[in-house]
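Trainee: Below is the file query_33.txt, which contains compact mmCIF, C-alpha atoms.
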# COMPACT_ATOMS: atom_id res chain seq x y z
CA MET A 738 -17.28 120.56 38.14
CA ASN A 739 -18.97 122.07 41.18
CA ARG A 740 -17.06 125.38 41.54
CA ALA A 741 -18.79 126.25 44.81
CA THR A 742 -17.18 123.31 46.61
CA SER A 743 -14.04 122.44 44.54
CA LYS A 744 -10.76 124.31 44.62
CA PRO A 745 -9.62 125.97 41.36
CA ILE A 746 -7.32 123.84 39.23
CA LYS A 747 -3.80 125.19 39.39
CA ALA A 748 -2.50 126.90 36.25
CA GLU A 749 0.25 124.85 34.59
CA PHE A 750 2.26 124.80 31.38
CA THR A 751 4.53 122.43 29.47
CA ILE A 752 7.18 123.30 26.89
CA THR A 753 8.08 121.15 23.94
CA ALA A 754 11.58 122.05 22.76
CA PRO A 755 12.19 122.30 18.98
CA ALA A 756 13.95 119.33 17.36
CA LYS A 757 17.54 119.84 16.36
CA GLY A 758 17.83 120.81 12.74
CA GLY A 759 14.06 121.24 12.44
CA ASP A 760 11.60 123.95 13.40
CA SER A 761 13.23 126.45 15.79
CA VAL A 762 9.97 127.39 17.49
CA ALA A 763 9.20 125.93 20.94
CA VAL A 764 5.63 124.90 21.72
CA LEU A 765 4.05 126.11 24.98
CA ASN A 766 0.93 124.27 26.09
CA LEU A 767 -1.31 125.88 28.72
CA SER A 768 -3.48 123.81 31.08
CA GLY A 769 -5.57 124.31 34.16
CA GLN A 770 -7.35 127.50 35.18
CA TRP A 771 -5.43 130.69 34.48
CA ILE A 772 -7.31 132.80 36.98
CA ILE A 773 -6.07 135.05 39.77
CA THR A 774 -6.44 132.45 42.53
CA SER A 775 -4.56 129.72 40.62
CA LEU A 776 -1.51 131.49 39.20
CA GLU A 777 0.84 131.21 42.22
CA GLY A 778 3.85 132.90 40.58
CA ILE A 779 3.54 131.07 37.30
CA ALA A 780 4.48 134.14 35.25
CA ALA A 781 8.01 134.31 36.68
CA ARG A 782 8.50 130.54 36.35
CA MET A 783 7.33 130.51 32.75
CA GLN A 784 9.45 133.51 31.83
CA ALA A 785 12.54 131.75 33.22
CA ALA A 786 11.68 128.55 31.32
CA LEU A 787 11.22 130.43 28.01
CA LYS A 788 14.36 132.47 28.38
CA LYS A 789 16.42 130.27 26.05
CA TYR A 790 13.87 130.27 23.22
CA ASP A 791 13.50 133.02 20.65
CA LYS A 792 10.00 132.17 19.45
CA VAL A 793 7.11 130.36 21.11
CA GLN A 794 3.85 128.96 19.77
CA VAL A 795 1.03 128.63 22.26
CA THR A 796 -1.50 125.80 22.39
CA THR A 797 -4.44 125.65 24.77
CA ASP A 798 -5.50 122.02 24.78
CA GLY A 799 -5.89 121.78 28.54
CA LEU A 800 -6.88 125.38 29.29
CA GLU A 801 -10.11 125.55 31.32
CA ALA A 802 -10.41 129.22 32.25
CA LEU A 803 -8.70 132.56 31.72
CA ASP A 804 -9.23 135.93 33.37
CA SER A 805 -7.43 139.27 33.07
CA ALA A 806 -4.83 138.26 35.67
CA GLY A 807 -4.01 135.10 33.70
CA ALA A 808 -3.85 137.04 30.44
CA PHE A 809 -1.52 139.59 32.01
CA ALA A 810 0.72 136.80 33.39
CA LEU A 811 0.90 135.29 29.90
CA HIS A 812 1.82 138.66 28.41
CA TYR A 813 4.47 139.15 31.08
CA ALA A 814 6.11 135.78 30.34
CA LEU A 815 5.91 135.84 26.54
CA THR A 816 6.98 139.47 25.97
CA ASP A 817 7.71 139.57 22.19
CA LYS A 818 8.36 135.83 21.68
CA LEU A 819 4.85 134.92 20.55
CA ASP A 820 4.78 133.28 17.13
CA GLY A 821 1.49 132.82 15.27
CA GLU A 822 -2.06 133.17 16.49
CA ILE A 823 -2.99 132.53 20.09
CA PHE A 824 -6.31 131.24 21.44
CA ALA A 825 -7.58 130.17 18.00
CA GLY A 826 -11.18 129.05 18.39
CA HIS A 827 -11.55 130.84 21.77
CA ASP A 828 -12.72 134.31 20.78
CA ASN A 829 -13.38 135.43 24.35
CA TYR A 830 -9.87 134.50 25.47
CA ALA A 831 -8.34 136.12 22.37
CA ARG A 832 -10.19 139.39 22.97
CA LEU A 833 -9.17 139.42 26.65
CA PHE A 834 -5.54 138.72 25.75
CA ALA A 835 -5.55 141.53 23.16
CA LEU A 836 -7.26 143.92 25.58
CA VAL A 837 -4.69 143.31 28.32
CA GLY A 838 -1.83 143.68 25.82
CA ALA A 839 -3.23 146.91 24.42
CA ASN A 840 -3.53 148.50 27.87
CA ARG A 841 -0.34 147.12 29.36
CA PRO A 842 1.57 150.03 30.89
CA THR A 843 5.25 150.51 30.19
CA MET A 844 7.94 152.04 32.29
CA ASP A 845 7.72 155.16 30.14
CA THR A 846 4.32 155.72 31.63
CA TYR A 847 5.91 156.32 35.00
CA ASN A 848 9.04 158.10 33.83
CA ARG A 849 7.63 161.49 34.46
CA GLU A 850 9.58 164.20 36.08
CA ASN A 851 8.72 164.95 39.65
CA PRO A 852 6.68 168.10 39.91
CA GLU A 853 8.82 171.04 40.79
CA VAL A 854 8.50 172.08 44.38
CA LYS A 855 7.27 175.61 44.54
CA LYS A 856 9.45 177.84 46.60
CA PHE A 857 8.03 180.73 48.50
CA TRP A 858 10.10 183.34 50.23
CA LEU A 859 7.88 182.78 53.27
CA HIS A 860 7.45 179.05 52.70
CA PRO A 861 7.97 178.01 56.39
CA VAL A 862 5.13 180.33 57.39
CA TYR A 863 3.07 179.28 54.36
CA TYR A 864 3.38 175.56 55.03
CA GLY A 865 2.90 176.13 58.75
CA LEU A 866 -0.40 177.87 58.07
CA VAL A 867 -1.41 175.11 55.64
CA HIS A 868 -0.68 172.48 58.29
CA LEU A 869 -2.59 174.48 60.90
CA GLY A 870 -5.53 174.80 58.53
CA GLN A 871 -5.55 171.07 57.91
CA LEU A 872 -5.50 170.39 61.64
CA MET A 873 -8.37 172.79 62.27
CA SER A 874 -10.34 171.31 59.38
CA GLY A 875 -9.86 167.79 60.78
CA PHE A 876 -10.81 168.96 64.27
CA TRP A 877 -13.95 170.63 62.92
CA ARG A 878 -14.99 167.52 60.96
CA GLY A 879 -14.45 165.39 64.07
CA PHE A 880 -16.48 167.84 66.16
CA ILE A 881 -19.37 167.71 63.67
CA ALA A 882 -19.28 163.90 63.54
CA GLN A 883 -19.16 163.71 67.33
CA SER A 884 -22.10 166.13 67.63
CA VAL A 885 -24.20 164.15 65.14
CA PHE A 886 -23.42 160.90 66.94
CA MET A 887 -24.22 162.50 70.30
CA GLY A 888 -27.54 163.78 68.94
CA HIS A 889 -28.44 160.29 67.76
CA VAL A 890 -27.62 158.84 71.18
CA MET A 891 -29.56 161.54 73.05
CA THR A 892 -32.60 160.87 70.86
CA LEU A 893 -32.40 157.17 71.69
CA ILE A 894 -32.11 157.96 75.40
CA MET A 895 -35.25 160.12 75.25
CA LEU A 896 -37.13 157.40 73.37
CA SER A 897 -35.98 154.80 75.89
CA ILE A 898 -37.17 156.93 78.81
CA ALA A 899 -40.56 157.24 77.13
CA ARG A 900 -40.64 153.50 76.41
CA PRO A 901 -38.32 151.48 78.70
CA SER A 902 -39.04 148.28 76.78
CA ARG A 903 -36.62 149.54 74.10
CA VAL A 904 -33.70 149.13 76.52
CA ARG A 905 -31.73 145.89 76.13
CA TRP A 906 -31.19 144.99 79.75
CA ALA A 907 -28.89 141.99 79.31
CA PRO A 908 -26.16 143.90 77.39
CA LEU A 909 -26.63 146.82 79.79
CA PHE A 910 -25.86 144.73 82.89
CA ASN A 911 -23.03 142.98 81.06
CA VAL A 912 -21.34 146.30 80.25
CA MET A 913 -21.97 147.55 83.80
CA GLN A 914 -20.05 144.56 85.12
CA ARG A 915 -17.17 144.75 82.63
CA ALA A 916 -16.73 148.53 82.48
CA GLY A 917 -17.70 149.36 86.05
CA LEU A 918 -17.27 146.60 88.61
CA GLU A 919 -14.16 145.12 87.00
CA ALA A 920 -12.56 148.59 86.93
CA LEU A 921 -13.03 149.12 90.66
CA PRO A 922 -9.78 147.46 91.88
CA ILE A 923 -7.44 149.38 89.56
CA VAL A 924 -9.24 152.68 90.21
CA ALA A 925 -9.15 152.18 93.99
CA VAL A 926 -5.49 151.18 94.12
CA THR A 927 -4.42 154.03 91.83
CA ASN A 928 -6.30 156.60 93.92
CA LEU A 929 -4.84 155.10 97.10
CA PHE A 930 -1.30 155.71 95.84
CA VAL A 931 -2.12 159.16 94.47
CA GLY A 932 -3.69 160.21 97.77
CA ALA A 933 -0.63 158.99 99.67
CA VAL A 934 1.82 160.77 97.35
CA LEU A 935 -0.22 163.98 97.53
CA ALA A 936 -0.23 163.81 101.33
CA PHE A 937 3.54 163.30 101.48
CA LEU A 938 4.06 166.35 99.24
CA MET A 939 1.69 168.50 101.29
CA VAL A 940 3.34 167.52 104.56
CA LEU A 941 6.77 168.19 103.09
CA SER A 942 5.73 171.64 101.86
CA LEU A 943 3.71 172.81 104.89
CA LYS A 944 5.94 171.39 107.61
CA ALA A 945 8.51 174.14 107.03
CA TYR A 946 5.85 176.77 107.84
CA GLY A 947 4.48 174.98 110.88
CA GLY A 948 1.17 174.19 109.20
CA ALA A 949 1.53 170.48 108.46
CA VAL A 950 -1.91 169.79 109.93
CA PHE A 951 -3.45 171.70 107.02
CA SER A 952 -2.21 168.98 104.67
CA ILE A 953 -5.37 167.06 105.69
CA ASP A 954 -7.52 169.85 104.27
CA PHE A 955 -5.52 170.15 101.05
CA VAL A 956 -5.39 166.40 100.42
CA SER A 957 -9.11 165.98 101.07
CA ILE A 958 -10.11 168.87 98.81
CA GLY A 959 -7.73 167.79 96.05
CA VAL A 960 -8.84 164.16 96.08
CA MET A 961 -12.57 164.86 96.25
CA ARG A 962 -12.63 167.78 93.86
CA GLU A 963 -10.09 166.90 91.15
CA PHE A 964 -7.86 163.86 91.43
CA ALA A 965 -10.37 161.06 92.07
CA PRO A 966 -12.82 162.02 89.26
CA VAL A 967 -10.05 162.57 86.70
CA ILE A 968 -8.10 159.42 87.57
CA ALA A 969 -11.26 157.29 87.48
CA ALA A 970 -12.29 158.79 84.13
CA VAL A 971 -8.83 158.30 82.58
CA LEU A 972 -8.64 154.68 83.71
CA ILE A 973 -12.17 153.99 82.45
CA ALA A 974 -11.25 155.65 79.15
CA GLY A 975 -8.18 153.42 78.83
CA ARG A 976 -10.25 150.29 79.48
CA SER A 977 -13.67 151.03 78.03
CA ALA A 978 -13.12 153.45 75.12
CA SER A 979 -10.59 151.10 73.54
CA GLY A 980 -12.77 148.08 74.36
CA PHE A 981 -15.89 149.64 72.84
CA ALA A 982 -14.03 150.68 69.68
CA ALA A 983 -12.47 147.22 69.29
CA GLU A 984 -15.74 145.34 69.89
CA ILE A 985 -17.89 147.43 67.56
CA GLY A 986 -15.08 147.76 64.99
CA SER A 987 -14.62 143.97 64.86
CA MET A 988 -18.36 143.52 64.37
CA LYS A 989 -18.29 146.02 61.53
CA MET A 990 -15.32 144.28 59.88
CA ASN A 991 -17.21 140.97 60.04
CA GLN A 992 -20.31 142.67 58.56
CA GLU A 993 -22.32 141.79 61.66
CA ILE A 994 -23.61 145.38 61.88
CA ASP A 995 -24.81 145.19 58.27
CA ALA A 996 -26.55 141.93 59.12
CA MET A 997 -28.25 143.61 62.09
CA ARG A 998 -29.57 146.37 59.84
CA VAL A 999 -30.85 143.77 57.35
CA MET A 1000 -32.72 142.06 60.20
CA GLY A 1001 -34.29 145.38 61.23
CA ILE A 1002 -32.17 145.87 64.38
CA ASP A 1003 -30.88 149.38 65.01
CA PRO A 1004 -27.15 148.98 65.90
CA TYR A 1005 -27.24 152.23 67.84
CA GLU A 1006 -30.02 150.86 70.03
CA ALA A 1007 -28.42 147.42 70.41
CA LEU A 1008 -24.74 148.35 70.75
CA VAL A 1009 -24.30 152.04 71.59
CA LEU A 1010 -27.15 152.79 73.99
CA PRO A 1011 -26.36 150.00 76.53
CA ARG A 1012 -22.72 151.11 76.66
CA VAL A 1013 -23.55 154.78 77.19
CA VAL A 1014 -26.16 154.09 79.89
CA ALA A 1015 -23.94 151.55 81.67
CA LEU A 1016 -21.04 153.99 81.91
CA VAL A 1017 -23.31 156.82 83.08
CA ILE A 1018 -24.55 154.57 85.89
CA MET A 1019 -21.20 153.05 86.90
CA THR A 1020 -18.75 155.95 86.56
CA PRO A 1021 -20.10 157.91 89.59
CA LEU A 1022 -19.96 154.71 91.67
CA VAL A 1023 -16.40 153.95 90.60
CA THR A 1024 -15.40 157.57 91.25
CA PHE A 1025 -16.92 157.53 94.74
CA ILE A 1026 -15.00 154.35 95.64
CA GLY A 1027 -11.85 155.95 94.19
CA THR A 1028 -12.44 159.05 96.33
CA LEU A 1029 -12.66 156.94 99.50
CA ALA A 1030 -9.47 155.10 98.48
CA GLY A 1031 -7.66 158.40 97.85
CA LEU A 1032 -8.70 159.71 101.28
CA LEU A 1033 -7.54 156.44 102.83
CA GLY A 1034 -4.15 156.74 101.13
CA GLY A 1035 -3.80 160.34 102.33
CA SER A 1036 -4.84 159.36 105.84
CA LEU A 1037 -2.27 156.57 106.03
CA ALA A 1038 0.50 158.84 104.70
CA ILE A 1039 -0.29 161.58 107.23
CA TRP A 1040 -0.52 159.00 110.02
CA GLY A 1041 2.91 157.69 109.07
CA SER A 1042 4.58 161.10 108.68
CA LEU A 1043 2.83 163.24 111.36
CA GLY A 1044 1.46 160.60 113.76
CA LEU A 1045 -2.11 161.94 113.32
CA GLY A 1046 -4.32 158.84 113.23
CA PRO A 1047 -7.31 158.12 110.96
CA GLN A 1048 -9.75 159.26 113.67
CA TYR A 1049 -8.17 162.74 113.75
CA PHE A 1050 -8.14 162.78 109.90
CA VAL A 1051 -11.87 162.01 109.74
CA GLN A 1052 -12.75 164.52 112.45
CA ARG A 1053 -10.82 167.34 110.74
CA LEU A 1054 -12.31 166.35 107.39
CA TYR A 1055 -15.78 166.59 108.95
CA ASP A 1056 -15.08 169.94 110.66
CA TYR A 1057 -13.14 171.91 108.03
CA VAL A 1058 -13.71 170.45 104.54
CA PRO A 1059 -17.09 171.44 103.02
CA THR A 1060 -19.14 168.65 101.50
CA VAL A 1061 -19.61 170.74 98.38
CA ASN A 1062 -16.14 169.63 97.25
CA LEU A 1063 -17.44 166.09 96.88
CA PHE A 1064 -20.40 167.42 94.90
CA VAL A 1065 -18.10 169.44 92.59
CA GLY A 1066 -16.07 166.31 91.91
CA MET A 1067 -19.01 163.97 91.37
CA VAL A 1068 -21.11 166.27 89.18
CA ARG A 1069 -18.70 165.95 86.27
CA THR A 1070 -18.56 162.14 86.25
CA PRO A 1071 -21.67 161.57 84.07
CA VAL A 1072 -20.21 163.97 81.49
CA PHE A 1073 -16.96 162.01 81.52
CA ALA A 1074 -18.93 158.78 81.11
CA VAL A 1075 -20.92 160.01 78.11
CA THR A 1076 -17.74 161.34 76.49
CA VAL A 1077 -15.83 158.08 76.87
CA ALA A 1078 -18.71 155.92 75.67
CA VAL A 1079 -19.62 158.11 72.68
CA VAL A 1080 -16.02 158.47 71.50
CA GLY A 1081 -15.35 154.73 71.77
CA CYS A 1082 -18.59 153.72 70.02
CA ARG A 1083 -18.31 156.36 67.29
CA LEU A 1084 -14.77 155.41 66.35
CA GLY A 1085 -15.75 151.73 66.43
CA MET A 1086 -18.54 152.50 63.96
CA SER A 1087 -16.05 154.28 61.65
CA VAL A 1088 -13.71 151.27 61.30
CA LYS A 1089 -13.07 150.24 57.70
CA ASP A 1090 -12.59 146.68 56.43
CA ASP A 1091 -9.00 146.09 57.53
CA VAL A 1092 -7.12 145.45 60.76
CA ILE A 1093 -4.95 148.55 60.34
CA SER A 1094 -8.05 150.74 60.45
CA LEU A 1095 -9.24 148.89 63.56
CA GLY A 1096 -5.96 149.48 65.37
CA ARG A 1097 -5.89 153.15 64.33
CA GLN A 1098 -9.44 153.78 65.55
CA VAL A 1099 -8.81 152.01 68.88
CA THR A 1100 -5.76 154.19 69.47
CA LYS A 1101 -7.68 157.32 68.52
CA ALA A 1102 -10.49 156.35 70.89
CA VAL A 1103 -8.12 156.31 73.88
CA VAL A 1104 -6.28 159.49 72.89
CA GLN A 1105 -9.42 161.49 72.11
CA SER A 1106 -11.21 160.32 75.26
CA ILE A 1107 -8.35 161.32 77.56
CA PHE A 1108 -7.90 164.65 75.77
CA LEU A 1109 -11.60 165.45 76.11
CA ILE A 1110 -11.59 164.40 79.77
CA PHE A 1111 -8.88 166.92 80.61
CA MET A 1112 -10.58 169.61 78.52
CA ILE A 1113 -13.95 169.03 80.23
CA ASP A 1114 -12.25 168.95 83.63
CA ALA A 1115 -10.69 172.36 82.94
CA ILE A 1116 -14.10 173.75 81.94
CA PHE A 1117 -15.68 172.44 85.14
CA ALA A 1118 -12.79 173.82 87.20
CA MET A 1119 -13.43 177.27 85.76
CA LEU A 1120 -17.21 176.99 86.20
CA PHE A 1121 -16.91 175.96 89.86
CA ASN A 1122 -14.06 178.34 90.71
CA GLY A 1123 -14.84 179.83 94.12
CA PHE A 1124 -17.84 177.53 94.51
CA THR A 1125 -17.53 176.92 98.27
CA PHE A 1126 -20.02 177.12 101.07
Would you mind writing the file out in structure tokens?
Mentor:
Amino acid sequence: MNRATSKPIKAEFTITAPAKGGDSVAVLNLSGQWIITSLEGIAARMQAALKKYDKVQVTTDGLEALDSAGAFALHYALTDKLDGEIFAGHDNYARLFALVGANRPTMDTYNRENPEVKKFWLHPVYYGLVHLGQLMSGFWRGFIAQSVFMGHVMTLIMLSIARPSRVRWAPLFNVMQRAGLEALPIVAVTNLFVGAVLAFLMVLSLKAYGGAVFSIDFVSIGVMREFAPVIAAVLIAGRSASGFAAEIGSMKMNQEIDAMRVMGIDPYEALVLPRVVALVIMTPLVTFIGTLAGLLGGSLAIWGSLGLGPQYFVQRLYDYVPTVNLFVGMVRTPVFAVTVAVVGCRLGMSVKDDVISLGRQVTKAVVQSIFLIFMIDAIFAMLFNGFTF
């Protein structure tokens, strides 16, 4: 039999009932392959069939194979009904059957008392500190892993600058299109609505003090300096971090990354570097388009509520809003891009061999990316506090 191309023969059994008035022992004949892939619930069926017999003799005329799973199934069905020797002439099968029977666990093995829960007079504080320690330990391990991954990527970037032939241009342009150009519509529309809502709120707040015209200044500064970069980064994180983790995680599950290593291809150079570079190039562009859309939304809202047209909006923007606000907003976009790409790729690389792990890492990629974006944005806001000229 060619086992590489043929399916395993299903495990089967037949029972010969004892004759009335004669021997009271039933005869059980095993056939087929009693291996893990061929059992298909045979233990339960055989146990039900043997229920009415007190003793059973086993013959193995048609038995072709037996593994530990088959031996355990036989033990499970026979319990203490076995009569006589089993697997006579098949020493390997007999030893396996005896080995499984000797190590078969019983319910007594698991009937252990639950460990007593230790009670502390300050146990809420104690367990709270334990939980906090576990959280900090996990955060520290994640920080170390992220730093190591970032160092690997930075080394590759330096090597690629020194030798541009290392860069894989086709994947780079592909990621630029998917993560950058295809994200433009959603980023622009979202910033348009945010700019309009911000303008309505500013007009509503400043109108009572007779300074509604200053809403143009506030909307422009807010959009250029904070809202447009953060909204673009969050939307890119939702699209690209999850996409990178899913793509690389699926490749790892299918052992494609192992195959790349066997062929001498560095997966960091082939998969991670193009994604990081593509986001670093495209995120500022997407943010700039989002900034223009946010200003357009604010302009339309002010035009509708105050009657000040787009020409007046642009002129006041030119006269009273320093250009440095656009610089403060745009300077953080490459940092956002590196963060999103590195988090997505790193968590994709850490996927195990099951779908549950893939889903968990994809979710973590989005959550961690957005958390880090807000944290980095707060750091930049503090660094550039009062940075106007």
Trainee: I need every residue sitting at most 7 Å from the point (-19.4, 154.6, 80.7) (coordinates as in the file, only C-alpha atoms considered), written as a list in words.
Mentor: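 The residues near that point, listed by chain and number, are Ala916, Arg1012, Val1013, Val1014, Ala1015, Leu1016, Val1017, Met1019, Thr1020, Ala1074, Val1075, Val1077 and Ala1078 of chain A.
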Trainee: I need the residue nearest Val1092 of chain A from this list: A:Met990, A:Val1068, A:Phe1117, A:Asp1056. Use all atoms listed in the file for the distance.
Mentor: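 Using all atoms listed in the file, the shortest distance to Val1092 of chain A belongs to A:Met990.
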Trainee: Rank A:Met891, A:Val885, A:Ile779, A:Ile773 by their smallest atom-to-atom distance to Thr751 of chain A, using only C-alpha atoms, and report the top residue only.
Mentor: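 Distance minimum relative to Thr751 of chain A lands on A:Ile779.
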Trainee: One decimal, Å: what's the distance from atom CA of Thr816 of chain A over to atom CA of Gly778 of chain A, could you say?
Mentor: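 These two atoms are separated by 16.3 Å.
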Trainee: Contacts of segment 790-793 of chain A at 8 Å or less, counting only C-alpha atoms, minus same-chain residues fewer than 5 places along, as a list in words?
Mentor: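 Returned residues: Ser761, Val762, Ala763, Val764, Leu765, Leu815, Lys818, Leu819 and Asp820 of chain A.
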Trainee: Write a file of the just-selected residues containing C-alpha atoms, as a PDB file, in the frame of the given file.
Mentor:
ATOM      1  CA  SER A 761      13.230 126.450  15.790  1.00  0.00           C
ATOM      2  CA  VAL A 762       9.970 127.390  17.490  1.00  0.00           C
ATOM      3  CA  ALA A 763       9.200 125.930  20.940  1.00  0.00           C
ATOM      4  CA  VAL A 764       5.630 124.900  21.720  1.00  0.00           C
ATOM      5  CA  LEU A 765       4.050 126.110  24.980  1.00  0.00           C
ATOM      6  CA  LEU A 815       5.910 135.840  26.540  1.00  0.00           C
ATOM      7  CA  LYS A 818       8.360 135.830  21.680  1.00  0.00           C
ATOM      8  CA  LEU A 819       4.850 134.920  20.550  1.00  0.00           C
ATOM      9  CA  ASP A 820       4.780 133.280  17.130  1.00  0.00           C
TER      10      ASP A 820
END
Trainee: Can you work out the spacing between atom CA of Lys944 of chain A and atom CA of Gln1052 of chain A in Å, to one decimal?
Mentor: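 Between atom CA of Lys944 of chain A and atom CA of Gln1052 of chain A the gap is 20.5 Å.
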Trainee: Could you list, as a PyMOL selection string, every residue within 12 Å of Gly1035 of chain A, counting all atoms listed in the file and ignoring same-chain residues fewer than 5 positions away?
Mentor: chain A and resi 928-940+952-961+1028-1030+1040-1043+1045-1047+1050-1051+1054
Trainee: Identify which of the residues A:Phe1064, A:Phe1108, A:Tyr830, A:Phe880 lies closest to Ala970 of chain A, counting only C-alpha atoms when measuring atom-to-atom distances.
Mentor: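 Comparing A:Phe1064, A:Phe1108, A:Tyr830, A:Phe880 against Ala970 of chain A, the winner is A:Phe1108.
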Trainee: Mind pulling up the distance from atom CA of Pro908 of chain A to atom CA of Asp1114 of chain A?
Mentor: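 Atom-to-atom, atom CA of Asp1114 of chain A and atom CA of Pro908 of chain A are spaced 29.3 Å apart.
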Trainee: Which residue out of A:Val967, A:Leu767, A:Val1104, A:Leu943 has the minimum interatomic distance to Thr797 of chain A when all atoms listed in the file are used?
Mentor: A:Leu767
Trainee: I need the residue nearest Ile923 of chain A from this list: A:Leu909, A:Leu803, A:Ala969, A:Ala1118. Use only C-alpha atoms for the distance.
Mentor: A:Ala969
Trainee: Name all residues at most 12 Å from Tyr813 of chain A (count all atoms listed in the file; drop same-chain ones fewer than 4 positions away) and give them as an mmCIF file with C-alpha atoms, in the coordinates of the input.
Mentor:
data_model
loop_
_atom_site.group_PDB
_atom_site.id
_atom_site.type_symbol
_atom_site.label_atom_id
_atom_site.label_comp_id
_atom_site.auth_asym_id
_atom_site.auth_seq_id
_atom_site.Cartn_x
_atom_site.Cartn_y
_atom_site.Cartn_z
ATOM 1 C CA GLY A 778 3.850 132.900 40.580
ATOM 2 C CA ILE A 779 3.540 131.070 37.300
ATOM 3 C CA ALA A 780 4.480 134.140 35.250
ATOM 4 C CA ALA A 781 8.010 134.310 36.680
ATOM 5 C CA ARG A 782 8.500 130.540 36.350
ATOM 6 C CA MET A 783 7.330 130.510 32.750
ATOM 7 C CA GLN A 784 9.450 133.510 31.830
ATOM 8 C CA ALA A 785 12.540 131.750 33.220
ATOM 9 C CA LEU A 787 11.220 130.430 28.010
ATOM 10 C CA ALA A 806 -4.830 138.260 35.670
ATOM 11 C CA GLY A 807 -4.010 135.100 33.700
ATOM 12 C CA ALA A 808 -3.850 137.040 30.440
ATOM 13 C CA PHE A 809 -1.520 139.590 32.010
ATOM 14 C CA ASP A 817 7.710 139.570 22.190
ATOM 15 C CA LYS A 818 8.360 135.830 21.680
ATOM 16 C CA LEU A 819 4.850 134.920 20.550
ATOM 17 C CA PHE A 834 -5.540 138.720 25.750
ATOM 18 C CA VAL A 837 -4.690 143.310 28.320
ATOM 19 C CA GLY A 838 -1.830 143.680 25.820
ATOM 20 C CA ARG A 841 -0.340 147.120 29.360
ATOM 21 C CA PRO A 842 1.570 150.030 30.890
ATOM 22 C CA THR A 843 5.250 150.510 30.190
#
Trainee: Grab segment 774-784 of chain A from that structure and dump N, CA, C and O atoms to a file, as a PDB file, in the first residue's frame.
Mentor:
ATOM      1  N   THR A 774      -6.015   8.796  13.074  1.00  0.00           N
ATOM      2  CA  THR A 774      -6.790   9.402  11.991  1.00  0.00           C
ATOM      3  C   THR A 774      -7.888   8.493  11.469  1.00  0.00           C
ATOM      4  O   THR A 774      -8.651   8.886  10.593  1.00  0.00           O
ATOM      5  N   SER A 775      -7.993   7.271  12.005  1.00  0.00           N
ATOM      6  CA  SER A 775      -8.972   6.313  11.470  1.00  0.00           C
ATOM      7  C   SER A 775      -9.987   5.860  12.504  1.00  0.00           C
ATOM      8  O   SER A 775     -10.816   5.013  12.204  1.00  0.00           O
ATOM      9  N   LEU A 776      -9.926   6.387  13.718  1.00  0.00           N
ATOM     10  CA  LEU A 776     -10.789   5.863  14.783  1.00  0.00           C
ATOM     11  C   LEU A 776     -12.231   6.356  14.642  1.00  0.00           C
ATOM     12  O   LEU A 776     -13.168   5.563  14.738  1.00  0.00           O
ATOM     13  N   GLU A 777     -12.436   7.652  14.467  1.00  0.00           N
ATOM     14  CA  GLU A 777     -13.746   8.241  14.204  1.00  0.00           C
ATOM     15  C   GLU A 777     -14.803   7.773  15.209  1.00  0.00           C
ATOM     16  O   GLU A 777     -15.862   7.259  14.856  1.00  0.00           O
ATOM     17  N   GLY A 778     -14.510   7.884  16.482  1.00  0.00           N
ATOM     18  CA  GLY A 778     -15.496   7.579  17.526  1.00  0.00           C
ATOM     19  C   GLY A 778     -15.770   6.105  17.724  1.00  0.00           C
ATOM     20  O   GLY A 778     -16.821   5.723  18.261  1.00  0.00           O
ATOM     21  N   ILE A 779     -14.818   5.271  17.331  1.00  0.00           N
ATOM     22  CA  ILE A 779     -15.056   3.833  17.414  1.00  0.00           C
ATOM     23  C   ILE A 779     -15.091   3.336  18.863  1.00  0.00           C
ATOM     24  O   ILE A 779     -15.760   2.353  19.177  1.00  0.00           O
ATOM     25  N   ALA A 780     -14.400   4.042  19.772  1.00  0.00           N
ATOM     26  CA  ALA A 780     -14.358   3.589  21.159  1.00  0.00           C
ATOM     27  C   ALA A 780     -15.747   3.611  21.776  1.00  0.00           C
ATOM     28  O   ALA A 780     -16.169   2.635  22.432  1.00  0.00           O
ATOM     29  N   ALA A 781     -16.492   4.681  21.555  1.00  0.00           N
ATOM     30  CA  ALA A 781     -17.842   4.776  22.125  1.00  0.00           C
ATOM     31  C   ALA A 781     -18.774   3.751  21.498  1.00  0.00           C
ATOM     32  O   ALA A 781     -19.590   3.108  22.185  1.00  0.00           O
ATOM     33  N   ARG A 782     -18.644   3.547  20.176  1.00  0.00           N
ATOM     34  CA  ARG A 782     -19.512   2.563  19.500  1.00  0.00           C
ATOM     35  C   ARG A 782     -19.211   1.153  19.991  1.00  0.00           C
ATOM     36  O   ARG A 782     -20.115   0.350  20.226  1.00  0.00           O
ATOM     37  N   MET A 783     -17.952   0.847  20.161  1.00  0.00           N
ATOM     38  CA  MET A 783     -17.596  -0.505  20.591  1.00  0.00           C
ATOM     39  C   MET A 783     -17.992  -0.731  22.046  1.00  0.00           C
ATOM     40  O   MET A 783     -18.457  -1.828  22.407  1.00  0.00           O
ATOM     41  N   GLN A 784     -17.858   0.289  22.874  1.00  0.00           N
ATOM     42  CA  GLN A 784     -18.262   0.138  24.269  1.00  0.00           C
ATOM     43  C   GLN A 784     -19.765  -0.130  24.374  1.00  0.00           C
ATOM     44  O   GLN A 784     -20.208  -0.975  25.166  1.00  0.00           O
TER      45      GLN A 784
END
